[in-house]
Structures are given as structure tokens and as C-alpha cells.
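**Q** Dropping in coords23.cif, which is mmCIF, C-alpha atoms:
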data_coords
#
loop_
_atom_site.group_PDB
_atom_site.id
_atom_site.type_symbol
_atom_site.label_atom_id
_atom_site.label_comp_id
_atom_site.auth_asym_id
_atom_site.auth_seq_id
_atom_site.Cartn_x
_atom_site.Cartn_y
_atom_site.Cartn_z
ATOM 1 C CA MET D 23 0.000 0.000 0.000
ATOM 2 C CA HIS D 24 1.180 3.511 -0.832
ATOM 3 C CA ALA D 25 0.575 6.132 1.864
ATOM 4 C CA ILE D 26 0.127 9.776 0.882
ATOM 5 C CA GLU D 27 1.517 12.478 3.135
ATOM 6 C CA LEU D 28 -0.791 13.393 6.023
ATOM 7 C CA LYS D 29 -1.361 17.128 5.824
ATOM 8 C CA LYS D 30 -3.860 19.949 6.091
ATOM 9 C CA ARG D 31 -5.856 20.351 2.889
ATOM 10 C CA ALA D 32 -8.716 22.533 1.735
ATOM 11 C CA ILE D 33 -11.899 20.452 1.533
ATOM 12 C CA PRO D 34 -12.016 20.513 -2.321
ATOM 13 C CA GLU D 35 -8.414 19.242 -2.376
ATOM 14 C CA ALA D 36 -9.290 16.422 0.018
ATOM 15 C CA LEU D 37 -12.208 15.473 -2.258
ATOM 16 C CA ALA D 38 -10.016 15.683 -5.372
ATOM 17 C CA LEU D 39 -7.693 13.067 -3.874
ATOM 18 C CA GLY D 40 -10.408 10.455 -4.531
ATOM 19 C CA PRO D 41 -10.252 10.397 -8.341
ATOM 20 C CA ALA D 42 -6.491 10.995 -8.302
ATOM 21 C CA LEU D 43 -5.765 8.014 -6.041
ATOM 22 C CA LEU D 44 -8.306 5.821 -7.830
ATOM 23 C CA GLU D 45 -6.411 6.380 -11.084
ATOM 24 C CA GLN D 46 -3.050 5.744 -9.416
ATOM 25 C CA ALA D 47 -4.308 2.568 -7.745
ATOM 26 C CA ALA D 48 -5.536 1.221 -11.072
ATOM 27 C CA GLN D 49 -2.288 2.086 -12.873
ATOM 28 C CA ALA D 50 0.079 0.834 -10.180
ATOM 29 C CA GLN D 51 -2.116 -2.125 -9.153
ATOM 30 C CA ALA D 52 -1.484 -1.145 -5.564
ATOM 31 C CA ALA D 53 -3.658 0.254 -2.798
ATOM 32 C CA HIS D 54 -3.276 3.945 -1.893
ATOM 33 C CA VAL D 55 -4.394 5.718 1.277
ATOM 34 C CA ALA D 56 -4.447 9.395 2.241
ATOM 35 C CA LEU D 57 -5.554 11.240 5.363
ATOM 36 C CA SER D 58 -6.465 14.919 5.060
ATOM 37 C CA LEU D 59 -6.930 17.350 7.929
ATOM 38 C CA VAL D 60 -9.666 19.796 6.911
ATOM 39 C CA ASP D 61 -11.145 22.902 8.484
ATOM 40 C CA GLY D 62 -14.317 24.759 7.579
ATOM 41 C CA SER D 63 -18.054 24.222 7.319
ATOM 42 C CA ALA D 64 -19.435 22.392 4.262
ATOM 43 C CA VAL D 65 -22.123 19.983 3.152
ATOM 44 C CA VAL D 66 -20.512 17.081 1.271
ATOM 45 C CA LEU D 67 -23.159 15.409 -0.891
ATOM 46 C CA GLY D 68 -22.933 11.870 -2.206
ATOM 47 C CA ALA D 69 -22.089 11.707 -5.904
ATOM 48 C CA ALA D 70 -25.650 10.831 -6.978
ATOM 49 C CA GLN D 71 -27.666 12.936 -4.526
ATOM 50 C CA ARG D 72 -29.779 15.785 -5.934
ATOM 51 C CA ALA D 73 -28.781 18.924 -4.055
ATOM 52 C CA GLY D 74 -32.281 20.365 -3.686
ATOM 53 C CA ARG D 75 -33.661 17.089 -2.307
ATOM 54 C CA VAL D 76 -31.116 17.024 0.514
ATOM 55 C CA VAL D 77 -30.471 20.628 1.522
ATOM 56 C CA ASP D 78 -32.181 24.016 1.502
ATOM 57 C CA LEU D 79 -29.885 25.958 -0.798
ATOM 58 C CA ALA D 80 -31.183 29.326 0.399
ATOM 59 C CA ALA D 81 -30.589 28.393 4.038
ATOM 60 C CA CYS D 82 -27.050 27.283 3.191
ATOM 61 C CA ALA D 83 -26.420 30.537 1.321
ATOM 62 C CA ARG D 84 -27.655 32.652 4.252
ATOM 63 C CA ARG D 85 -25.263 30.846 6.564
ATOM 64 C CA GLY D 86 -22.346 30.917 4.137
ATOM 65 C CA VAL D 87 -22.214 27.112 3.956
ATOM 66 C CA PRO D 88 -20.876 25.747 0.647
ATOM 67 C CA ILE D 89 -22.479 22.649 -0.857
ATOM 68 C CA LEU D 90 -19.880 20.319 -2.366
ATOM 69 C CA ARG D 91 -20.172 16.981 -4.105
ATOM 70 C CA ARG D 92 -17.731 14.123 -3.607
ATOM 71 C CA ALA D 93 -16.743 11.329 -6.015
ATOM 72 C CA THR D 94 -18.300 8.522 -3.944
ATOM 73 C CA THR D 95 -21.978 7.622 -3.707
ATOM 74 C CA GLY D 96 -24.059 7.403 -0.553
ATOM 75 C CA THR D 97 -25.480 10.003 1.801
ATOM 76 C CA ALA D 98 -24.355 13.509 2.721
ATOM 77 C CA ALA D 99 -21.763 14.341 5.371
ATOM 78 C CA TRP D 100 -21.509 17.501 7.436
ATOM 79 C CA LEU D 101 -18.128 19.072 8.126
ATOM 80 C CA GLY D 102 -18.715 21.743 10.741
ATOM 81 C CA GLY D 103 -15.194 22.897 11.502
ATOM 82 C CA ARG D 104 -12.104 20.767 11.917
ATOM 83 C CA GLY D 105 -12.338 17.236 10.605
ATOM 84 C CA LEU D 106 -10.636 14.345 8.889
ATOM 85 C CA VAL D 107 -11.123 12.819 5.436
ATOM 86 C CA VAL D 108 -9.780 9.322 4.772
ATOM 87 C CA THR D 109 -9.300 8.324 1.123
ATOM 88 C CA LEU D 110 -8.692 4.654 0.317
ATOM 89 C CA ALA D 111 -8.208 3.539 -3.296
ATOM 90 C CA LEU D 112 -7.835 -0.117 -4.280
ATOM 91 C CA PRO D 113 -6.951 -1.680 -7.654
ATOM 92 C CA HIS D 114 -9.713 -4.256 -7.095
ATOM 93 C CA VAL D 115 -12.220 -5.096 -4.398
ATOM 94 C CA ALA D 116 -10.089 -7.820 -2.774
ATOM 95 C CA ALA D 117 -6.788 -5.940 -2.775
ATOM 96 C CA LEU D 118 -6.682 -5.639 1.031
ATOM 97 C CA VAL D 119 -9.106 -8.330 2.204
ATOM 98 C CA ALA D 120 -8.885 -11.533 0.192
ATOM 99 C CA ASP D 121 -12.503 -12.628 0.590
ATOM 100 C CA ALA D 122 -14.053 -9.270 -0.331
ATOM 101 C CA THR D 123 -16.568 -9.320 -3.184
ATOM 102 C CA PRO D 124 -18.718 -6.608 -4.797
ATOM 103 C CA ARG D 125 -21.548 -7.603 -2.453
ATOM 104 C CA THR D 126 -19.318 -7.264 0.647
ATOM 105 C CA LEU D 127 -17.292 -4.297 -0.605
ATOM 106 C CA LEU D 128 -17.834 -2.043 2.425
ATOM 107 C CA ASN D 129 -18.213 -4.812 4.976
ATOM 108 C CA ARG D 130 -14.732 -6.142 4.226
ATOM 109 C CA ASN D 131 -12.873 -2.989 3.275
ATOM 110 C CA VAL D 132 -13.854 -1.007 6.350
ATOM 111 C CA ARG D 133 -11.987 -3.569 8.478
ATOM 112 C CA PRO D 134 -8.629 -1.775 8.144
ATOM 113 C CA LEU D 135 -10.401 1.450 9.162
ATOM 114 C CA LEU D 136 -12.008 -0.237 12.162
ATOM 115 C CA GLY D 137 -8.610 -1.489 13.274
ATOM 116 C CA GLY D 138 -7.068 1.925 12.692
ATOM 117 C CA PHE D 139 -9.681 3.836 14.684
ATOM 118 C CA THR D 140 -9.524 1.319 17.516
ATOM 119 C CA ARG D 141 -5.718 1.511 17.623
ATOM 120 C CA ALA D 142 -6.010 5.317 17.672
ATOM 121 C CA GLY D 143 -8.003 5.016 20.889
ATOM 122 C CA LEU D 144 -11.678 4.933 19.858
ATOM 123 C CA ILE D 145 -13.223 1.452 19.610
ATOM 124 C CA ALA D 146 -14.911 1.176 16.206
ATOM 125 C CA HIS D 147 -17.757 -1.001 14.912
ATOM 126 C CA TYR D 148 -19.526 -1.315 11.569
ATOM 127 C CA PHE D 149 -23.087 -2.589 11.391
ATOM 128 C CA GLY D 150 -23.680 -2.684 7.639
ATOM 129 C CA ARG D 151 -24.910 0.868 7.051
ATOM 130 C CA GLU D 152 -23.116 3.887 5.571
ATOM 131 C CA TRP D 153 -21.416 4.825 8.823
ATOM 132 C CA ILE D 154 -18.959 3.579 11.432
ATOM 133 C CA SER D 155 -19.624 3.831 15.154
ATOM 134 C CA LEU D 156 -16.900 5.027 17.517
ATOM 135 C CA ARG D 157 -17.574 4.209 21.161
ATOM 136 C CA ARG D 158 -21.081 3.126 20.077
ATOM 137 C CA ARG D 159 -21.952 6.492 18.499
ATOM 138 C CA PRO D 160 -22.210 7.103 14.721
ATOM 139 C CA ALA D 161 -19.125 9.185 13.930
ATOM 140 C CA VAL D 162 -17.719 8.269 10.498
ATOM 141 C CA LEU D 163 -19.686 8.701 7.249
ATOM 142 C CA LEU D 164 -18.746 6.301 4.433
ATOM 143 C CA GLY D 165 -19.083 6.460 0.657
ATOM 144 C CA PHE D 166 -17.757 4.353 -2.196
ATOM 145 C CA ASP D 167 -17.446 4.178 -5.945
ATOM 146 C CA VAL D 168 -16.199 1.491 -8.316
ATOM 147 C CA ALA D 169 -14.644 2.231 -11.705
ATOM 148 C CA GLU D 170 -15.580 0.098 -14.686
ATOM 149 C CA SER D 171 -12.029 -1.310 -14.452
ATOM 150 C CA GLY D 172 -12.924 -2.683 -11.026
ATOM 151 C CA ALA D 173 -10.827 -0.208 -9.032
ATOM 152 C CA VAL D 174 -12.514 0.793 -5.762
ATOM 153 C CA LEU D 175 -12.649 4.118 -3.950
ATOM 154 C CA VAL D 176 -13.760 4.366 -0.308
ATOM 155 C CA GLU D 177 -14.023 7.704 1.493
ATOM 156 C CA ALA D 178 -14.608 8.307 5.201
ATOM 157 C CA PHE D 179 -15.566 11.637 6.773
ATOM 158 C CA VAL D 180 -15.027 12.356 10.458
ATOM 159 C CA GLY D 181 -15.956 15.556 12.277
ATOM 160 C CA TYR D 182 -13.844 16.851 15.143
ATOM 161 C CA ASP D 183 -15.766 19.981 16.149
ATOM 162 C CA ALA D 184 -19.186 18.813 14.930
ATOM 163 C CA ALA D 185 -20.809 15.454 14.234
ATOM 164 C CA ILE D 186 -21.311 14.181 10.675
ATOM 165 C CA ALA D 187 -25.125 14.612 10.665
ATOM 166 C CA LEU D 188 -26.452 17.529 8.611
ATOM 167 C CA PRO D 189 -27.870 20.336 10.788
ATOM 168 C CA GLU D 190 -31.665 20.325 10.594
ATOM 169 C CA GLU D 191 -31.811 24.060 9.849
ATOM 170 C CA ILE D 192 -30.240 23.544 6.419
ATOM 171 C CA THR D 193 -31.967 20.303 5.387
ATOM 172 C CA THR D 194 -35.188 19.689 3.498
ATOM 173 C CA GLU D 195 -38.324 18.139 4.935
ATOM 174 C CA SER D 196 -37.739 14.908 2.988
ATOM 175 C CA GLU D 197 -34.202 14.648 4.358
ATOM 176 C CA ARG D 198 -35.393 15.172 7.921
ATOM 177 C CA ALA D 199 -37.925 12.381 7.381
ATOM 178 C CA VAL D 200 -35.126 9.784 7.193
ATOM 179 C CA ASP D 201 -33.680 8.293 10.363
ATOM 180 C CA ARG D 202 -30.138 8.180 9.043
ATOM 181 C CA PHE D 203 -28.571 6.776 12.194
ATOM 182 C CA LEU D 204 -31.197 4.323 13.435
ATOM 183 C CA GLY D 205 -32.150 6.379 16.460
ATOM 184 C CA LYS D 206 -28.554 6.907 17.578
ATOM 185 C CA LYS D 207 -27.177 10.420 18.023
ATOM 186 C CA PRO D 208 -23.986 11.028 15.999
ATOM 187 C CA ALA D 209 -20.955 12.325 17.874
ATOM 188 C CA SER D 210 -17.902 14.400 17.051
ATOM 189 C CA LEU D 211 -14.378 13.315 17.931
ATOM 190 C CA ALA D 212 -14.167 16.108 20.491
ATOM 191 C CA GLU D 213 -17.337 14.818 22.160
ATOM 192 C CA LEU D 214 -16.040 11.253 22.210
ATOM 193 C CA ALA D 215 -12.757 12.191 23.859
ATOM 194 C CA THR D 216 -14.106 11.990 27.408
ATOM 195 C CA ASP D 217 -10.832 11.177 29.172
ATOM 196 C CA ALA D 218 -8.752 14.080 27.833
ATOM 197 C CA PRO D 219 -8.873 16.558 24.947
ATOM 198 C CA LEU D 220 -8.115 14.812 21.662
ATOM 199 C CA ASP D 221 -5.421 16.244 19.411
ATOM 200 C CA LEU D 222 -6.751 15.820 15.870
ATOM 201 C CA GLU D 223 -3.380 15.656 14.149
ATOM 202 C CA GLY D 224 -2.060 13.174 16.696
ATOM 203 C CA PHE D 225 -5.219 11.100 16.290
ATOM 204 C CA ALA D 226 -4.755 11.121 12.489
ATOM 205 C CA HIS D 227 -1.156 9.907 12.830
ATOM 206 C CA ALA D 228 -2.317 7.131 15.173
ATOM 207 C CA LEU D 229 -5.046 6.164 12.702
ATOM 208 C CA LEU D 230 -2.465 5.976 9.912
ATOM 209 C CA GLU D 231 -0.243 3.800 12.079
ATOM 210 C CA GLY D 232 -3.255 1.581 12.726
ATOM 211 C CA LEU D 233 -3.767 1.227 9.002
ATOM 212 C CA ARG D 234 -0.096 0.327 8.627
ATOM 213 C CA THR D 235 -0.578 -2.641 10.948
ATOM 214 C CA ARG D 236 -3.347 -3.869 8.623
ATOM 215 C CA ALA D 237 -1.115 -3.423 5.570
ATOM 216 C CA PRO D 238 2.427 -4.342 6.653
ATOM 217 C CA SER D 239 3.796 -3.780 3.155
ATOM 218 C CA MET D 240 2.887 -0.080 3.243
ATOM 219 C CA SER D 241 5.518 1.871 1.325
ATOM 220 C CA ALA D 242 7.297 5.061 2.267
ATOM 221 C CA THR D 243 5.084 8.143 2.326
ATOM 222 C CA MET D 244 4.415 9.797 -1.026
ATOM 223 C CA THR D 245 3.617 13.454 -1.665
ATOM 224 C CA ILE D 246 0.854 14.883 -3.843
ATOM 225 C CA THR D 247 0.915 18.653 -4.262
ATOM 226 C CA SER D 248 -2.116 20.901 -4.591
ATOM 227 C CA GLU D 249 -1.128 21.594 -8.189
ATOM 228 C CA GLU D 250 -1.501 17.903 -9.044
ATOM 229 C CA LEU D 251 -5.129 17.787 -7.882
ATOM 230 C CA ASP D 252 -8.038 18.762 -10.126
ATOM 231 C CA THR D 253 -10.445 20.528 -7.778
ATOM 232 C CA ARG D 254 -12.754 21.837 -10.540
ATOM 233 C CA PRO D 255 -15.352 19.025 -10.139
ATOM 234 C CA PHE D 256 -15.539 19.872 -6.432
ATOM 235 C CA ALA D 257 -16.514 23.520 -6.712
ATOM 236 C CA PRO D 258 -19.552 24.691 -4.689
ATOM 237 C CA ILE D 259 -22.989 23.817 -6.088
ATOM 238 C CA ASP D 260 -25.683 26.474 -6.517
ATOM 239 C CA ARG D 261 -28.287 24.600 -8.607
ATOM 240 C CA ALA D 262 -31.034 22.678 -6.817
ATOM 241 C CA LEU D 263 -31.312 20.136 -9.652
ATOM 242 C CA ASP D 264 -27.590 19.328 -9.692
ATOM 243 C CA PRO D 265 -26.526 16.698 -10.882
ATOM 244 C CA VAL D 266 -29.676 16.097 -13.000
ATOM 245 C CA PRO D 267 -28.898 16.922 -16.656
ATOM 246 C CA ASP D 268 -30.761 19.861 -18.177
ATOM 247 C CA GLY D 269 -33.930 19.057 -20.074
ATOM 248 C CA LEU D 270 -35.059 16.111 -17.946
ATOM 249 C CA ASN D 271 -38.224 15.968 -15.855
ATOM 250 C CA LEU D 272 -37.985 14.691 -12.296
ATOM 251 C CA ARG D 273 -40.134 11.848 -11.074
ATOM 252 C CA PRO D 274 -41.245 11.979 -7.439
ATOM 253 C CA ALA D 275 -38.575 10.735 -5.023
ATOM 254 C CA VAL D 276 -39.343 7.321 -3.526
ATOM 255 C CA ARG D 277 -38.156 5.588 -0.379
ATOM 256 C CA VAL D 278 -35.542 2.826 -0.450
ATOM 257 C CA PRO D 279 -33.756 1.123 2.460
ATOM 258 C CA ILE D 280 -30.939 3.690 2.579
ATOM 259 C CA GLY D 281 -33.189 6.735 2.144
ATOM 260 C CA TRP D 282 -34.416 8.079 -1.180
ATOM 261 C CA ILE D 283 -33.891 7.306 -4.843
ATOM 262 C CA GLU D 284 -34.756 9.656 -7.691
ATOM 263 C CA ALA D 285 -35.111 9.439 -11.441
ATOM 264 C CA ALA D 286 -35.598 11.933 -14.249
ATOM 265 C CA ILE D 287 -36.603 11.300 -17.838
ATOM 266 C CA GLU D 288 -36.728 13.251 -21.056
ATOM 267 C CA PRO D 289 -40.241 14.454 -21.898
ATOM 268 C CA GLU D 290 -42.294 13.491 -24.946
ATOM 269 C CA GLY D 291 -40.876 10.045 -25.517
ATOM 270 C CA GLY D 292 -37.193 11.009 -25.393
ATOM 271 C CA GLN D 293 -34.634 8.389 -24.405
ATOM 272 C CA ARG D 294 -32.366 10.354 -22.042
ATOM 273 C CA ALA D 295 -32.724 9.473 -18.365
ATOM 274 C CA TRP D 296 -30.986 9.944 -15.015
ATOM 275 C CA LEU D 297 -30.985 7.755 -11.924
ATOM 276 C CA GLY D 298 -29.621 8.868 -8.574
ATOM 277 C CA GLY D 299 -30.265 9.396 -4.891
ATOM 278 C CA ASP D 300 -28.860 8.046 -1.645
ATOM 279 C CA VAL D 301 -27.863 4.625 -2.964
ATOM 280 C CA LEU D 302 -24.378 3.237 -2.434
ATOM 281 C CA ALA D 303 -23.626 2.046 -5.951
ATOM 282 C CA PRO D 304 -21.053 2.454 -8.723
ATOM 283 C CA ARG D 305 -21.812 5.622 -10.652
ATOM 284 C CA TRP D 306 -21.222 3.880 -13.967
ATOM 285 C CA ALA D 307 -23.855 1.279 -13.062
ATOM 286 C CA LEU D 308 -26.447 3.949 -12.278
ATOM 287 C CA ALA D 309 -25.665 5.658 -15.585
ATOM 288 C CA ARG D 310 -25.841 2.353 -17.486
ATOM 289 C CA ILE D 311 -29.209 1.481 -15.924
ATOM 290 C CA ALA D 312 -30.604 4.895 -16.805
ATOM 291 C CA ALA D 313 -29.257 4.742 -20.357
ATOM 292 C CA GLY D 314 -30.530 1.210 -20.897
ATOM 293 C CA ALA D 315 -33.961 1.926 -19.509
ATOM 294 C CA GLY D 316 -34.370 5.267 -21.278
ATOM 295 C CA ALA D 317 -37.952 6.475 -21.194
ATOM 296 C CA GLY D 318 -38.895 3.081 -19.765
ATOM 297 C CA LEU D 319 -37.302 4.137 -16.480
ATOM 298 C CA ALA D 320 -40.729 5.437 -15.529
ATOM 299 C CA GLU D 321 -41.942 1.826 -15.444
ATOM 300 C CA ILE D 322 -39.236 0.486 -13.091
ATOM 301 C CA PRO D 323 -40.739 -0.120 -9.615
ATOM 302 C CA LEU D 324 -38.334 1.964 -7.513
ATOM 303 C CA GLU D 325 -40.337 1.872 -4.273
ATOM 304 C CA GLY D 326 -38.262 -0.075 -1.748
ATOM 305 C CA ALA D 327 -35.688 -1.036 -4.391
ATOM 306 C CA THR D 328 -32.233 -2.257 -3.409
ATOM 307 C CA MET D 329 -29.060 -2.071 -5.500
ATOM 308 C CA ALA D 330 -29.561 -5.738 -6.430
ATOM 309 C CA ASP D 331 -32.955 -4.812 -7.896
ATOM 310 C CA LEU D 332 -31.412 -2.013 -9.923
ATOM 311 C CA LEU D 333 -28.573 -4.205 -11.172
ATOM 312 C CA ALA D 334 -31.180 -6.709 -12.342
ATOM 313 C CA CYS D 335 -32.463 -3.903 -14.563
ATOM 314 C CA LEU D 336 -28.914 -3.527 -15.869
ATOM 315 C CA ASP D 337 -28.815 -7.232 -16.733
ATOM 316 C CA ARG D 338 -32.047 -6.869 -18.706
ATOM 317 C CA SER D 339 -30.938 -3.767 -20.622
#
Hey, can you dump this file as C-alpha cells for me?
**A**
Amino acid sequence: MHAIELKKRAIPEALALGPALLEQAAQAQAAHVALSLVDGSAVVLGAAQRAGRVVDLAACARRGVPILRRATTGTAAWLGGRGLVVTLALPHVAALVADATPRTLLNRNVRPLLGGFTRAGLIAHYFGREWISLRRRPAVLLGFDVAESGAVLVEAFVGYDAAIALPEEITTESERAVDRFLGKKPASLAELATDAPLDLEGFAHALLEGLRTRAPSMSATMTITSEELDTRPFAPIDRALDPVPDGLNLRPAVRVPIGWIEAAIEPEGGQRAWLGGDVLAPRWALARIAAGAGAGLAEIPLEGATMADLLACLDRS
């Protein structure tokens, strides 16, 4: 595994590490990991979430809160001050854990993170959702993407000053309707450090050392400069429909196990379509399903659908 220098980064730079490391992992056929210390308030949407479904853009603007979009799918994270972003890129799903499969992608590949957090002093558990618990409190928001080559990107977001849950005052009614954390109250690192104040940089170094124990062949630390990162895709969002392509009509959002899923289709019998929402799924698969279904996307029963249901649509297209 190649480790990237632990350093302070602007949030867009931390997000830009995802695609950069995914490409490097695929080319080098080696896992890459980076830890970024970030500071500042921001909403970090999942790659397929429609901005206006999740957050009140006007409320965010009044509070000076930027809305950013990451490269991985899943649900939104809140960074409300100092925090930590972990970027893990793998050449294939089983690069770190031999028995990992596409179906167990997160279940297996969060294990090094669980070991790292526990070694850093906060006992970590994963219960099959899009978050990790530290000391029995939701504290780490997860997202993933898979390239068509099979390379895997996992991102983890941890808040130090504030917990990862979006503040209610900037969210929409439909977002507030979802119990994201199964009745548990998310916690920040500062809140979890009950014995003594937690030094974020020291905690990040301990987490990296914990990851090293899970990947003994970790190489010497590499450096990626700000100039090497393309932050343009991670500029603030100001359009409620983003990322829905122009010219498509939204269908009503429907509930699925992880939250909401949305679709949009071209009017008057057109074939263009878009599929997105809170699902944890490869972006290329969502795009392929939408392209294959075309105008027929309106006939797919999305209510309560899982990713397996959607991939079955891909098999039929």
C-alpha cells in the first residue's frame, strides 16, 4: 500500500484526492491511502444525490455554507469545523481483504479502518450501514465508488468539532424524514474524547499507524501537491437540480432502504434518463441502468428497491 503524506488540505483538495488516487491505484495495481486534515463548514453530498432534495440551498447561502459533491456515492456528510477525510483507493475489491466481493465491498474494506480507529483510541464497529460507530456512536460517514475497471474508492468523513449529521436548519423536509442513524445520536471526535482533549493531528497519525498494521507492506510516504489535484469538479454547487442533466423531468422521489432514490426522464418520448439518490452504488452502473432503460425508467418499480434490484435492470438492458 502507498501512503500519501498526512497534511492539512482545503476540503475541495481532500475530495479531489479520490479520483487521483483511484487512477493511481488502477495504474500501479497497488492500494493507496491518504488522510487529510480539513477545516471549515461544508455539506458534502454523495455523488448521486440531488442537491435540492437534501439541503435548503437558500438556508445554506444565508449561513455561508458551501455545498460540495464528492466522487463517492451514498449520503451527505456535514463538516462543521475541523475534521478528517480518509481516502482509500484499491486496484480491485479484494486488494486488502482476500474474501471481499462486490456484495461485501464495504463490509470487508472497512476492516482496516475499524482497526485503525480502535488503535487510535476509539473502539470502532460497523453494522452494515453507511457509517462507522466510535464508542457506540455514529461518527464516520462512508461512501464508495467502483470504476468500470474494477478499481474501488472508499471515502470516510469524520468531524472533530461537529458530528457528521447535517444540521436540521439547512436540510429539506424529505431529508429530515429519514432516520439516518437508526435512532442513535452522531458524535464528534471532540465529544467522544471523554478522558482528555483529543489532538486531531495526533489522532490522524495514530489512525495511519493503525492502518499500517493492517497493511504491513505499506511503502514510504508519497507526496501529492495541490497543483496535481483537479479541484474543478468539487466547486460549490448552486443549482437545486444538480446533478440532473438539463432538459429532464424529475419523477417523485421514492423511499428505499438507505433513504431516497430519484429518477428523471426526457419528456415526450425522449430516451435520455438519469438515476440517482442516496444509494451506495457504482456511478457507472447507475448511468448504465438509466441509459438502458431510457424512457422506460418510468416503469421500473423503484419503491423499496435495493441495488440488487437495480442491477437486475442492468442485466435486462
**Q** Please expand the PyMOL selection byres ((chain D and resi 69-71) around 9) into the concrete residues it hits in this file, giving the result as an mmCIF file with C-alpha atoms, in the coordinates of the input.
**A**
data_model
loop_
_atom_site.group_PDB
_atom_site.id
_atom_site.type_symbol
_atom_site.label_atom_id
_atom_site.label_comp_id
_atom_site.auth_asym_id
_atom_site.auth_seq_id
_atom_site.Cartn_x
_atom_site.Cartn_y
_atom_site.Cartn_z
ATOM 1 C CA LEU D 67 -23.159 15.409 -0.891
ATOM 2 C CA GLY D 68 -22.933 11.870 -2.206
ATOM 3 C CA ARG D 72 -29.779 15.785 -5.934
ATOM 4 C CA ALA D 73 -28.781 18.924 -4.055
ATOM 5 C CA GLY D 74 -32.281 20.365 -3.686
ATOM 6 C CA ARG D 75 -33.661 17.089 -2.307
ATOM 7 C CA VAL D 76 -31.116 17.024 0.514
ATOM 8 C CA ARG D 91 -20.172 16.981 -4.105
ATOM 9 C CA ARG D 92 -17.731 14.123 -3.607
ATOM 10 C CA ALA D 93 -16.743 11.329 -6.015
ATOM 11 C CA THR D 94 -18.300 8.522 -3.944
ATOM 12 C CA THR D 95 -21.978 7.622 -3.707
ATOM 13 C CA GLY D 96 -24.059 7.403 -0.553
ATOM 14 C CA THR D 97 -25.480 10.003 1.801
ATOM 15 C CA ALA D 98 -24.355 13.509 2.721
ATOM 16 C CA GLY D 165 -19.083 6.460 0.657
ATOM 17 C CA ASP D 167 -17.446 4.178 -5.945
ATOM 18 C CA ASP D 264 -27.590 19.328 -9.692
ATOM 19 C CA PRO D 265 -26.526 16.698 -10.882
ATOM 20 C CA VAL D 266 -29.676 16.097 -13.000
ATOM 21 C CA TRP D 282 -34.416 8.079 -1.180
ATOM 22 C CA ILE D 283 -33.891 7.306 -4.843
ATOM 23 C CA GLU D 284 -34.756 9.656 -7.691
ATOM 24 C CA LEU D 297 -30.985 7.755 -11.924
ATOM 25 C CA GLY D 298 -29.621 8.868 -8.574
ATOM 26 C CA GLY D 299 -30.265 9.396 -4.891
ATOM 27 C CA ASP D 300 -28.860 8.046 -1.645
ATOM 28 C CA VAL D 301 -27.863 4.625 -2.964
ATOM 29 C CA LEU D 302 -24.378 3.237 -2.434
ATOM 30 C CA ARG D 305 -21.812 5.622 -10.652
ATOM 31 C CA LEU D 308 -26.447 3.949 -12.278
#
**Q** Once the PyMOL selection byres ((chain D and resi 30) around 8) has been evaluated on this model, what residues remain selected, and can you format them as a list in words?
**A**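 Taken over the shown coordinates, the PyMOL selection byres ((chain D and resi 30) around 8) returns Leu28, Lys29, Arg31, Ala32, Ser58, Leu59 and Val60 of chain D.
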**Q** Please compute the CA of Glu152 in chain D-CA of Leu164 in chain D distance, one decimal, in Å.
**A**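 Rounded to one decimal, the two atoms are 5.1 Å apart.
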**Q** Go through D:Gly102, D:Gly205, D:Pro113, D:Gly143 and flag the residue nearest Val55 in chain D, using only C-alpha atoms for the distances.
**A** D:Pro113
**Q** Excluding range 80-86 of chain D and residues on its chain fewer than 5 positions from it, collect all residues at most 10 Å away from it, counting only C-alpha atoms, and give them as a ChimeraX atom specification.
**A** /D:63-65,74,191-194,260,262
**Q** Name every residue that the PyMOL selection byres ((chain D and resi 111) around 9) selects in this structure, writing the answer as a ChimeraX atom specification with chains first and numbers rising.
**A** /D:40-41,43-48,52-56,109-110,112-114,173-177
**Q** Would you mind exporting the chosen residues as a PDB file, in the frame of the given file, restricted to C-alpha atoms?
**A**
ATOM      1  CA  GLY D  40     -10.408  10.455  -4.531  1.00  0.00           C
ATOM      2  CA  PRO D  41     -10.252  10.397  -8.341  1.00  0.00           C
ATOM      3  CA  LEU D  43      -5.765   8.014  -6.041  1.00  0.00           C
ATOM      4  CA  LEU D  44      -8.306   5.821  -7.830  1.00  0.00           C
ATOM      5  CA  GLU D  45      -6.411   6.380 -11.084  1.00  0.00           C
ATOM      6  CA  GLN D  46      -3.050   5.744  -9.416  1.00  0.00           C
ATOM      7  CA  ALA D  47      -4.308   2.568  -7.745  1.00  0.00           C
ATOM      8  CA  ALA D  48      -5.536   1.221 -11.072  1.00  0.00           C
ATOM      9  CA  ALA D  52      -1.484  -1.145  -5.564  1.00  0.00           C
ATOM     10  CA  ALA D  53      -3.658   0.254  -2.798  1.00  0.00           C
ATOM     11  CA  HIS D  54      -3.276   3.945  -1.893  1.00  0.00           C
ATOM     12  CA  VAL D  55      -4.394   5.718   1.277  1.00  0.00           C
ATOM     13  CA  ALA D  56      -4.447   9.395   2.241  1.00  0.00           C
ATOM     14  CA  THR D 109      -9.300   8.324   1.123  1.00  0.00           C
ATOM     15  CA  LEU D 110      -8.692   4.654   0.317  1.00  0.00           C
ATOM     16  CA  LEU D 112      -7.835  -0.117  -4.280  1.00  0.00           C
ATOM     17  CA  PRO D 113      -6.951  -1.680  -7.654  1.00  0.00           C
ATOM     18  CA  HIS D 114      -9.713  -4.256  -7.095  1.00  0.00           C
ATOM     19  CA  ALA D 173     -10.827  -0.208  -9.032  1.00  0.00           C
ATOM     20  CA  VAL D 174     -12.514   0.793  -5.762  1.00  0.00           C
ATOM     21  CA  LEU D 175     -12.649   4.118  -3.950  1.00  0.00           C
ATOM     22  CA  VAL D 176     -13.760   4.366  -0.308  1.00  0.00           C
ATOM     23  CA  GLU D 177     -14.023   7.704   1.493  1.00  0.00           C
TER      24      GLU D 177
END
**Q** Pick out the closest residue to Phe225 in chain D from this set: D:Ala286, D:Val276, D:Ala169, D:Ala142. Count only C-alpha atoms.
**A** D:Ala142
**Q** To one decimal place in Å, what is the distance between CA of Thr235 in chain D and CA of Gly138 in chain D?
**A**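 So the answer is 8.1 Å.
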**Q** Rounded to one decimal in Å, what is the spacing between CA of Leu90 in chain D and CA of Phe179 in chain D?
**A**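 The value is 13.3 Å.
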**Q** Taking all listed atoms of range 260-270 of chain D, build the axis-aligned box, pad each of the six sides by 8 Å, then write its centre and edge lengths in Å to one decimal as lines of an AutoDock Vina configuration file.
**A**
center_x = -30.4
center_y = 21.3
center_z = -13.3
size_x = 25.4
size_y = 26.4
size_z = 29.6
**Q** Using all atoms listed in the file, which residues sit within 12 Å of Leu222 in chain D once same-chain residues fewer than 2 positions away are excluded, as a ChimeraX atom specification?
**A** /D:28-30,57-61,103-107,142-143,180-183,210-212,215,219-220,224-229
